[in-house]
file protein26.csv (CSV, N, CA and C atoms)
chain,number,residue,atom,x,y,z
A,1,MET,N,6.3,9.8,-14.0
A,1,MET,CA,6.6,8.7,-13.2
A,1,MET,C,5.3,8.1,-12.7
A,2,GLU,N,5.1,6.8,-13.1
A,2,GLU,CA,3.8,6.2,-12.6
A,2,GLU,C,4.1,5.4,-11.3
A,3,ARG,N,3.3,5.7,-10.3
A,3,ARG,CA,3.4,5.1,-9.0
A,3,ARG,C,2.1,4.4,-8.6
A,4,ILE,N,2.1,3.1,-8.4
A,4,ILE,CA,0.9,2.4,-8.2
A,4,ILE,C,1.1,1.6,-6.9
A,5,ILE,N,0.0,1.7,-6.0
A,5,ILE,CA,0.0,1.0,-4.8
A,5,ILE,C,-1.0,-0.2,-5.0
A,6,LEU,N,-0.5,-1.4,-4.7
A,6,LEU,CA,-1.4,-2.6,-4.7
A,6,LEU,C,-1.7,-2.9,-3.2
A,7,TYR,N,-3.0,-3.0,-2.9
A,7,TYR,CA,-3.4,-3.2,-1.5
A,7,TYR,C,-4.4,-4.3,-1.4
A,8,ASP,N,-4.6,-4.9,-0.3
A,8,ASP,CA,-5.6,-5.9,0.0
A,8,ASP,C,-7.0,-5.2,0.1
A,9,GLY,N,-7.8,-5.4,-0.9
A,9,GLY,CA,-9.1,-4.7,-1.0
A,9,GLY,C,-10.1,-5.1,0.1
A,10,VAL,N,-9.9,-6.3,0.7
A,10,VAL,CA,-10.9,-6.7,1.7
A,10,VAL,C,-10.4,-6.4,3.1
A,11,CYS,N,-9.2,-5.9,3.3
A,11,CYS,CA,-8.7,-5.6,4.6
A,11,CYS,C,-9.1,-4.2,5.1
A,12,ASN,N,-9.7,-4.1,6.2
A,12,ASN,CA,-10.1,-2.8,6.7
A,12,ASN,C,-8.9,-1.9,6.9
A,13,LEU,N,-7.8,-2.4,7.5
A,13,LEU,CA,-6.6,-1.6,7.7
A,13,LEU,C,-6.1,-1.0,6.3
A,14,CYS,N,-6.0,-1.9,5.3
A,14,CYS,CA,-5.5,-1.5,4.0
A,14,CYS,C,-6.4,-0.5,3.4
A,15,ASN,N,-7.7,-0.7,3.5
A,15,ASN,CA,-8.7,0.3,2.9
A,15,ASN,C,-8.5,1.7,3.6
A,16,LYS,N,-8.4,1.7,4.9
A,16,LYS,CA,-8.2,2.9,5.7
A,16,LYS,C,-6.9,3.6,5.3
A,17,SER,N,-5.9,2.7,5.0
A,17,SER,CA,-4.6,3.3,4.6
A,17,SER,C,-4.6,4.0,3.3
A,18,VAL,N,-5.4,3.4,2.3
A,18,VAL,CA,-5.6,4.0,1.0
A,18,VAL,C,-6.3,5.3,1.2
A,19,GLN,N,-7.3,5.4,2.0
A,19,GLN,CA,-8.0,6.7,2.2
A,19,GLN,C,-7.1,7.7,2.8
A,20,PHE,N,-6.3,7.2,3.8
A,20,PHE,CA,-5.3,8.1,4.5
A,20,PHE,C,-4.3,8.7,3.4
A,21,ILE,N,-3.8,7.8,2.6
A,21,ILE,CA,-2.8,8.3,1.6
A,21,ILE,C,-3.5,9.3,0.6
A,22,ILE,N,-4.7,9.0,0.1
A,22,ILE,CA,-5.3,9.9,-0.8
A,22,ILE,C,-5.5,11.3,-0.2
A,23,LYS,N,-5.9,11.3,1.0
A,23,LYS,CA,-6.1,12.6,1.7
A,23,LYS,C,-4.8,13.4,1.8
A,24,ARG,N,-3.7,12.7,1.9
A,24,ARG,CA,-2.4,13.4,2.1
A,24,ARG,C,-1.5,13.5,0.8
A,25,ASP,N,-2.1,13.0,-0.3
A,25,ASP,CA,-1.4,13.1,-1.6
A,25,ASP,C,-2.1,14.0,-2.5
A,26,SER,N,-2.0,15.3,-2.2
A,26,SER,CA,-2.8,16.3,-2.9
A,26,SER,C,-2.3,16.4,-4.4
A,27,ALA,N,-1.1,16.0,-4.6
A,27,ALA,CA,-0.6,16.1,-6.0
A,27,ALA,C,-1.1,14.9,-6.8
A,28,GLY,N,-1.7,13.9,-6.2
A,28,GLY,CA,-2.2,12.8,-7.0
A,28,GLY,C,-1.2,11.9,-7.6
A,29,GLN,N,0.0,11.8,-6.9
A,29,GLN,CA,1.1,11.0,-7.5
A,29,GLN,C,0.9,9.5,-7.4
A,30,PHE,N,0.0,9.0,-6.5
A,30,PHE,CA,-0.2,7.6,-6.3
A,30,PHE,C,-1.6,7.2,-7.0
A,31,LYS,N,-1.5,6.0,-7.7
A,31,LYS,CA,-2.7,5.4,-8.2
A,31,LYS,C,-2.9,4.1,-7.3
A,32,PHE,N,-4.0,3.5,-7.4
A,32,PHE,CA,-4.3,2.3,-6.5
A,32,PHE,C,-5.0,1.2,-7.3
A,33,ALA,N,-4.7,0.0,-6.9
A,33,ALA,CA,-5.4,-1.2,-7.4
A,33,ALA,C,-5.5,-2.2,-6.3
A,34,SER,N,-6.6,-2.8,-6.1
A,34,SER,CA,-6.7,-3.8,-5.1
A,34,SER,C,-6.1,-5.1,-5.7
A,35,GLN,N,-5.5,-5.9,-4.8
A,35,GLN,CA,-4.8,-7.1,-5.3
A,35,GLN,C,-5.8,-8.1,-5.8
A,36,GLN,N,-7.1,-8.0,-5.4
A,36,GLN,CA,-8.1,-8.9,-5.8
A,36,GLN,C,-8.7,-8.6,-7.2
A,37,GLY,N,-8.5,-7.3,-7.6
A,37,GLY,CA,-9.1,-6.9,-8.9
A,37,GLY,C,-8.3,-7.3,-10.1
A,38,ALA,N,-8.9,-7.1,-11.3
A,38,ALA,CA,-8.2,-7.5,-12.5
A,38,ALA,C,-6.9,-6.8,-12.7
A,39,ALA,N,-6.9,-5.5,-12.5
A,39,ALA,CA,-5.6,-4.7,-12.7
A,39,ALA,C,-4.6,-5.1,-11.7
A,40,GLY,N,-5.0,-5.3,-10.5
A,40,GLY,CA,-4.0,-5.8,-9.4
A,40,GLY,C,-3.5,-7.1,-9.8
A,41,GLN,N,-4.3,-8.1,-10.2
A,41,GLN,CA,-3.8,-9.4,-10.5
A,41,GLN,C,-2.9,-9.4,-11.7
A,42,ASN,N,-3.2,-8.5,-12.7
A,42,ASN,CA,-2.3,-8.4,-13.9
A,42,ASN,C,-1.0,-7.9,-13.5
A,43,LEU,N,-0.9,-6.9,-12.6
A,43,LEU,CA,0.3,-6.3,-12.1
A,43,LEU,C,1.1,-7.3,-11.3
A,44,LEU,N,0.4,-8.1,-10.4
A,44,LEU,CA,1.1,-9.1,-9.6
A,44,LEU,C,1.7,-10.1,-10.5
A,45,LYS,N,1.0,-10.5,-11.6
A,45,LYS,CA,1.5,-11.5,-12.5
A,45,LYS,C,2.7,-10.9,-13.3
A,46,LYS,N,2.6,-9.7,-13.7
A,46,LYS,CA,3.7,-9.0,-14.5
A,46,LYS,C,5.0,-9.0,-13.7
A,47,PHE,N,4.9,-8.8,-12.4
A,47,PHE,CA,6.1,-8.7,-11.6
A,47,PHE,C,6.4,-10.0,-10.9
A,48,THR,N,5.8,-11.1,-11.4
A,48,THR,CA,6.0,-12.4,-10.8
A,48,THR,C,5.8,-12.5,-9.3
A,49,LEU,N,4.8,-11.9,-8.8
A,49,LEU,CA,4.4,-11.9,-7.4
A,49,LEU,C,3.3,-12.9,-7.2
A,50,PRO,N,3.1,-13.5,-6.1
A,50,PRO,CA,2.0,-14.4,-5.9
A,50,PRO,C,0.7,-13.7,-6.0
A,51,PRO,N,-0.4,-14.4,-6.5
A,51,PRO,CA,-1.7,-13.8,-6.6
A,51,PRO,C,-2.3,-13.4,-5.3
A,52,LYS,N,-1.9,-14.0,-4.2
A,52,LYS,CA,-2.4,-13.6,-2.9
A,52,LYS,C,-1.2,-13.1,-2.1
A,53,MET,N,-1.0,-11.8,-2.2
A,53,MET,CA,0.1,-11.2,-1.5
A,53,MET,C,-0.3,-10.9,0.0
A,54,ASN,N,0.7,-10.9,0.8
A,54,ASN,CA,0.5,-10.6,2.2
A,54,ASN,C,1.3,-9.3,2.5
A,55,SER,N,1.3,-8.4,1.5
A,55,SER,CA,2.1,-7.2,1.6
A,55,SER,C,1.5,-6.0,0.8
A,56,PHE,N,1.8,-4.9,1.3
A,56,PHE,CA,1.5,-3.6,0.6
A,56,PHE,C,2.6,-3.6,-0.4
A,57,VAL,N,2.2,-3.2,-1.7
A,57,VAL,CA,3.2,-3.2,-2.8
A,57,VAL,C,3.2,-1.8,-3.4
A,58,LEU,N,4.4,-1.3,-3.6
A,58,LEU,CA,4.5,0.0,-4.4
A,58,LEU,C,5.3,-0.3,-5.6
A,59,ILE,N,4.7,0.1,-6.8
A,59,ILE,CA,5.3,-0.1,-8.1
A,59,ILE,C,5.7,1.4,-8.5
A,60,GLU,N,7.0,1.5,-8.7
A,60,GLU,CA,7.5,2.9,-9.1
A,60,GLU,C,8.5,2.7,-10.2
A,61,ASN,N,8.2,3.3,-11.3
A,61,ASN,CA,9.1,3.2,-12.5
A,61,ASN,C,9.5,1.7,-12.8
A,62,GLU,N,8.5,0.9,-12.8
A,62,GLU,CA,8.7,-0.5,-13.2
A,62,GLU,C,9.5,-1.3,-12.2
A,63,LYS,N,9.7,-0.8,-11.0
A,63,LYS,CA,10.4,-1.5,-9.9
A,63,LYS,C,9.4,-1.7,-8.7
A,64,ILE,N,9.5,-2.8,-8.0
A,64,ILE,CA,8.6,-3.1,-6.9
A,64,ILE,C,9.3,-2.9,-5.6
A,65,TYR,N,8.5,-2.4,-4.7
A,65,TYR,CA,8.9,-2.3,-3.3
A,65,TYR,C,7.8,-3.0,-2.4
A,66,LEU,N,8.3,-3.7,-1.4
A,66,LEU,CA,7.4,-4.4,-0.6
A,66,LEU,C,7.6,-4.1,0.9
A,67,GLU,N,6.6,-4.4,1.7
A,67,GLU,CA,6.6,-4.4,3.1
A,67,GLU,C,7.0,-3.0,3.6
A,68,SER,N,7.8,-2.9,4.6
A,68,SER,CA,8.1,-1.6,5.3
A,68,SER,C,8.8,-0.6,4.3
A,69,THR,N,9.5,-1.1,3.3
A,69,THR,CA,10.2,-0.2,2.4
A,69,THR,C,9.1,0.5,1.6
A,70,ALA,N,8.1,-0.2,1.1
A,70,ALA,CA,7.0,0.4,0.3
A,70,ALA,C,6.3,1.4,1.2
A,71,VAL,N,6.0,1.1,2.4
A,71,VAL,CA,5.2,2.0,3.3
A,71,VAL,C,6.0,3.3,3.5
A,72,LEU,N,7.3,3.1,3.8
A,72,LEU,CA,8.1,4.3,4.1
A,72,LEU,C,8.4,5.2,2.8
A,73,LYS,N,8.5,4.5,1.7
A,73,LYS,CA,8.6,5.3,0.4
A,73,LYS,C,7.4,6.1,0.2
A,74,VAL,N,6.2,5.6,0.5
A,74,VAL,CA,5.0,6.3,0.3
A,74,VAL,C,4.9,7.5,1.3
A,75,CYS,N,5.2,7.2,2.6
A,75,CYS,CA,5.1,8.2,3.6
A,75,CYS,C,6.0,9.4,3.3
A,76,LYS,N,7.2,9.1,2.8
A,76,LYS,CA,8.1,10.1,2.4
A,76,LYS,C,7.6,11.2,1.5
A,77,ASP,N,6.6,10.8,0.7
A,77,ASP,CA,6.0,11.7,-0.3
A,77,ASP,C,4.6,12.2,0.1
A,78,LEU,N,4.2,12.0,1.3
A,78,LEU,CA,2.9,12.6,1.7
A,78,LEU,C,3.1,14.0,2.3
A,79,SER,N,2.0,14.7,2.4
A,79,SER,CA,2.1,16.0,2.9
A,79,SER,C,2.1,15.9,4.5
A,80,GLY,N,2.6,17.0,5.1
A,80,GLY,CA,2.6,17.1,6.5
A,80,GLY,C,3.8,16.3,7.1
A,81,ALA,N,3.7,16.0,8.4
A,81,ALA,CA,4.8,15.4,9.2
A,81,ALA,C,5.0,14.0,8.8
A,82,TRP,N,4.1,13.4,8.0
A,82,TRP,CA,4.3,12.0,7.7
A,82,TRP,C,5.6,11.7,7.0
A,83,ARG,N,6.1,12.7,6.2
A,83,ARG,CA,7.3,12.5,5.5
A,83,ARG,C,8.5,12.3,6.4
A,84,LEU,N,8.4,12.7,7.7
A,84,LEU,CA,9.4,12.5,8.7
A,84,LEU,C,9.7,11.0,9.0
A,85,LEU,N,8.7,10.2,8.7
A,85,LEU,CA,8.8,8.8,9.0
A,85,LEU,C,10.0,8.2,8.1
A,86,ALA,N,10.4,8.9,7.1
A,86,ALA,CA,11.5,8.4,6.3
A,86,ALA,C,12.8,8.2,7.1
A,87,VAL,N,12.9,8.8,8.2
A,87,VAL,CA,14.1,8.6,9.1
A,87,VAL,C,14.1,7.1,9.5
A,88,LEU,N,13.0,6.4,9.5
A,88,LEU,CA,13.0,5.0,9.9
A,88,LEU,C,13.8,4.1,8.9
A,89,PHE,N,14.2,4.7,7.7
A,89,PHE,CA,15.0,3.9,6.8
A,89,PHE,C,16.3,3.6,7.4
A,90,VAL,N,16.8,4.3,8.5
A,90,VAL,CA,18.0,4.0,9.1
A,90,VAL,C,18.0,2.6,9.9
A,91,ILE,N,16.8,2.2,10.2
A,91,ILE,CA,16.6,0.9,10.9
A,91,ILE,C,16.8,-0.2,9.8
A,92,PRO,N,17.6,-1.2,10.1
A,92,PRO,CA,17.8,-2.2,9.0
A,92,PRO,C,16.5,-2.9,8.6
A,93,ARG,N,16.4,-3.1,7.3
A,93,ARG,CA,15.2,-3.6,6.7
A,93,ARG,C,14.6,-4.9,7.4
A,94,PRO,N,15.5,-5.9,7.7
A,94,PRO,CA,15.0,-7.1,8.4
A,94,PRO,C,14.2,-6.8,9.7
A,95,ILE,N,14.7,-5.8,10.4
A,95,ILE,CA,14.0,-5.4,11.7
A,95,ILE,C,12.7,-4.7,11.4
A,96,ARG,N,12.7,-3.7,10.4
A,96,ARG,CA,11.5,-3.1,10.0
A,96,ARG,C,10.4,-4.1,9.5
A,97,ASP,N,10.9,-5.0,8.6
A,97,ASP,CA,10.0,-5.9,8.0
A,97,ASP,C,9.4,-6.9,9.1
A,98,ARG,N,10.2,-7.2,10.1
A,98,ARG,CA,9.6,-8.1,11.1
A,98,ARG,C,8.4,-7.5,11.8
A,99,LEU,N,8.5,-6.2,12.1
A,99,LEU,CA,7.3,-5.5,12.6
A,99,LEU,C,6.2,-5.5,11.6
A,100,TYR,N,6.5,-5.1,10.4
A,100,TYR,CA,5.5,-5.1,9.3
A,100,TYR,C,4.8,-6.4,9.2
A,101,LYS,N,5.6,-7.5,9.2
A,101,LYS,CA,5.0,-8.9,9.0
A,101,LYS,C,4.1,-9.2,10.2
A,102,THR,N,4.4,-8.8,11.4
A,102,THR,CA,3.6,-9.1,12.5
A,102,THR,C,2.2,-8.4,12.3
A,103,ILE,N,2.2,-7.1,11.9
A,103,ILE,CA,1.0,-6.4,11.6
A,103,ILE,C,0.2,-7.1,10.5
A,104,ALA,N,0.9,-7.4,9.4
A,104,ALA,CA,0.2,-8.0,8.2
A,104,ALA,C,-0.4,-9.3,8.6
A,105,ARG,N,0.3,-10.1,9.4
A,105,ARG,CA,-0.2,-11.5,9.7
A,105,ARG,C,-1.5,-11.4,10.6
A,106,ASN,N,-1.6,-10.3,11.4
A,106,ASN,CA,-2.7,-10.1,12.3
A,106,ASN,C,-3.8,-9.1,11.9
A,107,ARG,N,-3.6,-8.5,10.7
A,107,ARG,CA,-4.5,-7.4,10.3
A,107,ARG,C,-6.0,-7.7,10.3
A,108,TYR,N,-6.4,-8.9,9.9
A,108,TYR,CA,-7.8,-9.3,9.9
A,108,TYR,C,-8.3,-9.4,11.3
A,109,LYS,N,-7.5,-10.0,12.1
A,109,LYS,CA,-7.9,-10.2,13.5
A,109,LYS,C,-8.0,-8.9,14.3
A,110,TRP,N,-7.1,-8.0,14.0
A,110,TRP,CA,-7.1,-6.7,14.8
A,110,TRP,C,-8.0,-5.7,14.2
A,111,PHE,N,-8.1,-5.6,12.8
A,111,PHE,CA,-8.8,-4.6,12.2
A,111,PHE,C,-10.1,-5.0,11.4
A,112,GLY,N,-10.2,-6.3,11.2
A,112,GLY,CA,-11.3,-6.9,10.5
A,112,GLY,C,-11.2,-6.9,9.0
A,113,LYS,N,-12.2,-7.5,8.3
A,113,LYS,CA,-12.1,-7.5,6.9
A,113,LYS,C,-13.6,-7.4,6.4
A,114,THR,N,-13.7,-7.0,5.1
A,114,THR,CA,-15.0,-6.8,4.5
A,114,THR,C,-15.2,-8.0,3.5
A,115,GLU,N,-16.4,-8.1,3.0
A,115,GLU,CA,-16.7,-9.1,2.0
A,115,GLU,C,-16.3,-8.7,0.6
A,116,SER,N,-16.2,-7.4,0.4
A,116,SER,CA,-15.8,-6.9,-1.0
A,116,SER,C,-14.9,-5.7,-0.9
A,117,CYS,N,-14.3,-5.4,-2.0
A,117,CYS,CA,-13.4,-4.2,-2.0
A,117,CYS,C,-14.2,-2.9,-1.9
A,118,MET,N,-13.5,-1.9,-1.3
A,118,MET,CA,-14.0,-0.6,-1.1
A,118,MET,C,-14.4,0.0,-2.5
A,119,LEU,N,-15.5,0.7,-2.5
A,119,LEU,CA,-15.8,1.5,-3.7
A,119,LEU,C,-15.3,2.9,-3.4
A,120,PRO,N,-14.5,3.4,-4.3
A,120,PRO,CA,-13.9,4.8,-4.1
A,120,PRO,C,-15.0,5.9,-4.3
A,121,LYS,N,-14.8,6.9,-3.5
A,121,LYS,CA,-15.7,8.1,-3.7
A,121,LYS,C,-15.5,8.6,-5.1
A,122,PRO,N,-16.6,9.2,-5.7
A,122,PRO,CA,-16.6,9.7,-7.1
A,122,PRO,C,-15.3,10.5,-7.4
A,123,GLU,N,-15.0,11.4,-6.4
A,123,GLU,CA,-13.8,12.3,-6.7
A,123,GLU,C,-12.5,11.6,-6.7
A,124,TRP,N,-12.5,10.3,-6.2
A,124,TRP,CA,-11.2,9.5,-6.2
A,124,TRP,C,-11.2,8.5,-7.3
A,125,LYS,N,-12.2,8.4,-8.0
A,125,LYS,CA,-12.4,7.3,-9.0
A,125,LYS,C,-11.2,7.3,-10.0
A,126,ASN,N,-10.7,8.4,-10.4
A,126,ASN,CA,-9.6,8.5,-11.4
A,126,ASN,C,-8.3,8.0,-10.8
A,127,ARG,N,-8.2,7.8,-9.5
A,127,ARG,CA,-7.0,7.3,-8.8
A,127,ARG,C,-6.9,5.8,-8.8
A,128,PHE,N,-8.0,5.1,-9.1
A,128,PHE,CA,-8.1,3.7,-9.1
A,128,PHE,C,-8.0,3.0,-10.4
A,129,LEU,N,-7.3,2.0,-10.6
A,129,LEU,CA,-7.1,1.3,-11.9
A,129,LEU,C,-8.2,0.4,-12.3
A,130,ASP,N,-9.0,-0.1,-11.3
A,130,ASP,CA,-10.2,-0.9,-11.7
A,130,ASP,C,-11.5,-0.2,-11.1

call {"tool": "encode", "arguments": {"input": "protein26.csv", "output": "structure tokens"}}
result
Amino acid sequence: MERIILYDGVCNLCNKSVQFIIKRDSAGQFKFASQQGAAGQNLLKKFTLPPKMNSFVLIENEKIYLESTAVLKVCKDLSGAWRLLAVLFVIPRPIRDRLYKTIARNRYKWFGKTESCMLPKPEWKNRFLD
């Protein structure tokens, strides 16, 4: 099963989230592509998503998950107590997504942004599509 996370490569919160996931995904089940890179743009196009997404995207078995659903599906498969966050699926998606969208809309202001995408550590290179 291929599981790919598309993230905003210039967003500090997004880059920290990718590092957080890698450290807690010892099985290496998630691969990553920045939405600004060639692989990310190709996947966005393939799934008819806008080239400038304002969402964390999980692709799993050729199906896409966005916003809070994508985040919770990833957390559910991380090591440690993070998988307990899956209980938040009981909250209706519109309510979860409202909180998600508030954070997404303010992520640059609250966490900052970089001029370029993060370069993965050498030991993580095989987890990135570009």

call {"tool": "residues_around", "arguments": {"input": "protein26.csv", "residues": "segment 26-36 of chain A", "least_positions_apart": "4", "cutoff": "6 Å", "atoms": "all atoms listed in the file", "output": "PDB file with N, CA and C atoms, keeping the file's coordinate frame"}}
result
ATOM      1  N   ARG A   3       3.300   5.700 -10.300  1.00  0.00           N
ATOM      2  CA  ARG A   3       3.400   5.100  -9.000  1.00  0.00           C
ATOM      3  C   ARG A   3       2.100   4.400  -8.600  1.00  0.00           C
ATOM      4  N   ILE A   4       2.100   3.100  -8.400  1.00  0.00           N
ATOM      5  CA  ILE A   4       0.900   2.400  -8.200  1.00  0.00           C
ATOM      6  C   ILE A   4       1.100   1.600  -6.900  1.00  0.00           C
ATOM      7  N   ILE A   5       0.000   1.700  -6.000  1.00  0.00           N
ATOM      8  CA  ILE A   5       0.000   1.000  -4.800  1.00  0.00           C
ATOM      9  C   ILE A   5      -1.000  -0.200  -5.000  1.00  0.00           C
ATOM     10  N   LEU A   6      -0.500  -1.400  -4.700  1.00  0.00           N
ATOM     11  CA  LEU A   6      -1.400  -2.600  -4.700  1.00  0.00           C
ATOM     12  C   LEU A   6      -1.700  -2.900  -3.200  1.00  0.00           C
ATOM     13  N   TYR A   7      -3.000  -3.000  -2.900  1.00  0.00           N
ATOM     14  CA  TYR A   7      -3.400  -3.200  -1.500  1.00  0.00           C
ATOM     15  C   TYR A   7      -4.400  -4.300  -1.400  1.00  0.00           C
ATOM     16  N   ASP A   8      -4.600  -4.900  -0.300  1.00  0.00           N
ATOM     17  CA  ASP A   8      -5.600  -5.900   0.000  1.00  0.00           C
ATOM     18  C   ASP A   8      -7.000  -5.200   0.100  1.00  0.00           C
ATOM     19  N   GLY A   9      -7.800  -5.400  -0.900  1.00  0.00           N
ATOM     20  CA  GLY A   9      -9.100  -4.700  -1.000  1.00  0.00           C
ATOM     21  C   GLY A   9     -10.100  -5.100   0.100  1.00  0.00           C
ATOM     22  N   ILE A  22      -4.700   9.000   0.100  1.00  0.00           N
ATOM     23  CA  ILE A  22      -5.300   9.900  -0.800  1.00  0.00           C
ATOM     24  C   ILE A  22      -5.500  11.300  -0.200  1.00  0.00           C
ATOM     25  N   GLY A  40      -5.000  -5.300 -10.500  1.00  0.00           N
ATOM     26  CA  GLY A  40      -4.000  -5.800  -9.400  1.00  0.00           C
ATOM     27  C   GLY A  40      -3.500  -7.100  -9.800  1.00  0.00           C
ATOM     28  N   GLN A  41      -4.300  -8.100 -10.200  1.00  0.00           N
ATOM     29  CA  GLN A  41      -3.800  -9.400 -10.500  1.00  0.00           C
ATOM     30  C   GLN A  41      -2.900  -9.400 -11.700  1.00  0.00           C
ATOM     31  N   ARG A 127      -8.200   7.800  -9.500  1.00  0.00           N
ATOM     32  CA  ARG A 127      -7.000   7.300  -8.800  1.00  0.00           C
ATOM     33  C   ARG A 127      -6.900   5.800  -8.800  1.00  0.00           C
ATOM     34  N   PHE A 128      -8.000   5.100  -9.100  1.00  0.00           N
ATOM     35  CA  PHE A 128      -8.100   3.700  -9.100  1.00  0.00           C
ATOM     36  C   PHE A 128      -8.000   3.000 -10.400  1.00  0.00           C
ATOM     37  N   LEU A 129      -7.300   2.000 -10.600  1.00  0.00           N
ATOM     38  CA  LEU A 129      -7.100   1.300 -11.900  1.00  0.00           C
ATOM     39  C   LEU A 129      -8.200   0.400 -12.300  1.00  0.00           C
ATOM     40  N   ASP A 130      -9.000  -0.100 -11.300  1.00  0.00           N
ATOM     41  CA  ASP A 130     -10.200  -0.900 -11.700  1.00  0.00           C
ATOM     42  C   ASP A 130     -11.500  -0.200 -11.100  1.00  0.00           C
TER      43      ASP A 130
END

call {"tool": "closest_residue", "arguments": {"input": "protein26.csv", "among": "A:Ser55, A:Glu62, A:Phe89, A:Pro50", "to": "Cys11 of chain A", "atoms": "only C-alpha atoms"}}
result
A:Ser55

call {"tool": "residues_near_point", "arguments": {"input": "protein26.csv", "point": "(3.2, -10.1, 2.9)", "cutoff": "7 Å", "atoms": "all atoms listed in the file", "output": "PyMOL selection string"}}
result
chain A and resi 53-56+67+101+104

call {"tool": "write_last_selection", "arguments": {"input": "protein26.csv", "atoms": "N, CA and C atoms", "output": "PDB file, in the frame of the given file"}}
result
ATOM      1  N   MET A  53      -1.000 -11.800  -2.200  1.00  0.00           N
ATOM      2  CA  MET A  53       0.100 -11.200  -1.500  1.00  0.00           C
ATOM      3  C   MET A  53      -0.300 -10.900   0.000  1.00  0.00           C
ATOM      4  N   ASN A  54       0.700 -10.900   0.800  1.00  0.00           N
ATOM      5  CA  ASN A  54       0.500 -10.600   2.200  1.00  0.00           C
ATOM      6  C   ASN A  54       1.300  -9.300   2.500  1.00  0.00           C
ATOM      7  N   SER A  55       1.300  -8.400   1.500  1.00  0.00           N
ATOM      8  CA  SER A  55       2.100  -7.200   1.600  1.00  0.00           C
ATOM      9  C   SER A  55       1.500  -6.000   0.800  1.00  0.00           C
ATOM     10  N   PHE A  56       1.800  -4.900   1.300  1.00  0.00           N
ATOM     11  CA  PHE A  56       1.500  -3.600   0.600  1.00  0.00           C
ATOM     12  C   PHE A  56       2.600  -3.600  -0.400  1.00  0.00           C
ATOM     13  N   GLU A  67       6.600  -4.400   1.700  1.00  0.00           N
ATOM     14  CA  GLU A  67       6.600  -4.400   3.100  1.00  0.00           C
ATOM     15  C   GLU A  67       7.000  -3.000   3.600  1.00  0.00           C
ATOM     16  N   LYS A 101       5.600  -7.500   9.200  1.00  0.00           N
ATOM     17  CA  LYS A 101       5.000  -8.900   9.000  1.00  0.00           C
ATOM     18  C   LYS A 101       4.100  -9.200  10.200  1.00  0.00           C
ATOM     19  N   ALA A 104       0.900  -7.400   9.400  1.00  0.00           N
ATOM     20  CA  ALA A 104       0.200  -8.000   8.200  1.00  0.00           C
ATOM     21  C   ALA A 104      -0.400  -9.300   8.600  1.00  0.00           C
TER      22      ALA A 104
END

call {"tool": "select_by_dssp", "arguments": {"input": "protein26.csv", "residues": "segment 24-115 of chain A", "states": "strand (DSSP E)", "output": "list of chain:residue names"}}
result
A:Phe30, A:Lys31, A:Phe32, A:Ala33, A:Ser34, A:Val57, A:Leu58, A:Ile59, A:Glu60, A:Lys63, A:Ile64, A:Tyr65, A:Leu66

call {"tool": "closest_residue", "arguments": {"input": "protein26.csv", "among": "A:Lys52, A:Leu43, A:Ser79, A:Val74", "to": "Ser17 of chain A", "atoms": "only C-alpha atoms"}}
result
A:Val74

call {"tool": "select_by_dssp", "arguments": {"input": "protein26.csv", "residues": "segment 6-90 of chain A", "states": "helix (DSSP H, G or I)", "output": "ChimeraX atom specification"}}
result
/A:12-24,38-46,67-76,80-90

call {"tool": "atom_distance", "arguments": {"input": "protein26.csv", "atom1": "atom CA of Leu66 of chain A", "atom2": "atom C of Pro51 of chain A"}}
result
14.0 Å

call {"tool": "decode", "arguments": {"input": "protein26.csv", "residues": "segment 18-42 of chain A", "atoms": "C-alpha atoms", "output": "short mmCIF file (atom, residue, chain, number, x, y, z; two decimals), in the first residue's frame"}}
result
data_model
loop_
_atom_site.label_atom_id
_atom_site.label_comp_id
_atom_site.auth_asym_id
_atom_site.auth_seq_id
_atom_site.Cartn_x
_atom_site.Cartn_y
_atom_site.Cartn_z
CA VAL A 18 7.01 16.05 8.22
CA GLN A 19 10.01 15.66 10.55
CA PHE A 20 7.66 14.76 13.40
CA ILE A 21 5.95 12.07 11.29
CA ILE A 22 9.24 10.57 10.06
CA LYS A 23 10.52 10.21 13.62
CA ARG A 24 7.34 8.38 14.67
CA ASP A 25 6.92 6.27 11.53
CA SER A 26 9.60 3.68 12.18
CA ALA A 27 8.00 1.30 9.65
CA GLY A 28 8.53 3.87 6.90
CA GLN A 29 4.96 3.60 5.67
CA PHE A 30 4.69 7.25 4.60
CA LYS A 31 6.47 8.90 1.66
CA PHE A 32 6.57 12.67 1.19
CA ALA A 33 6.42 15.21 -1.61
CA SER A 34 6.31 18.96 -1.33
CA GLN A 35 3.40 20.49 -3.16
CA GLN A 36 5.82 22.86 -4.88
CA GLY A 37 8.01 20.10 -6.33
CA ALA A 38 7.57 18.23 -9.60
CA ALA A 39 6.31 15.02 -7.97
CA GLY A 40 3.88 16.95 -5.78
CA GLN A 41 2.57 18.99 -8.72
CA ASN A 42 2.12 15.82 -10.79
#
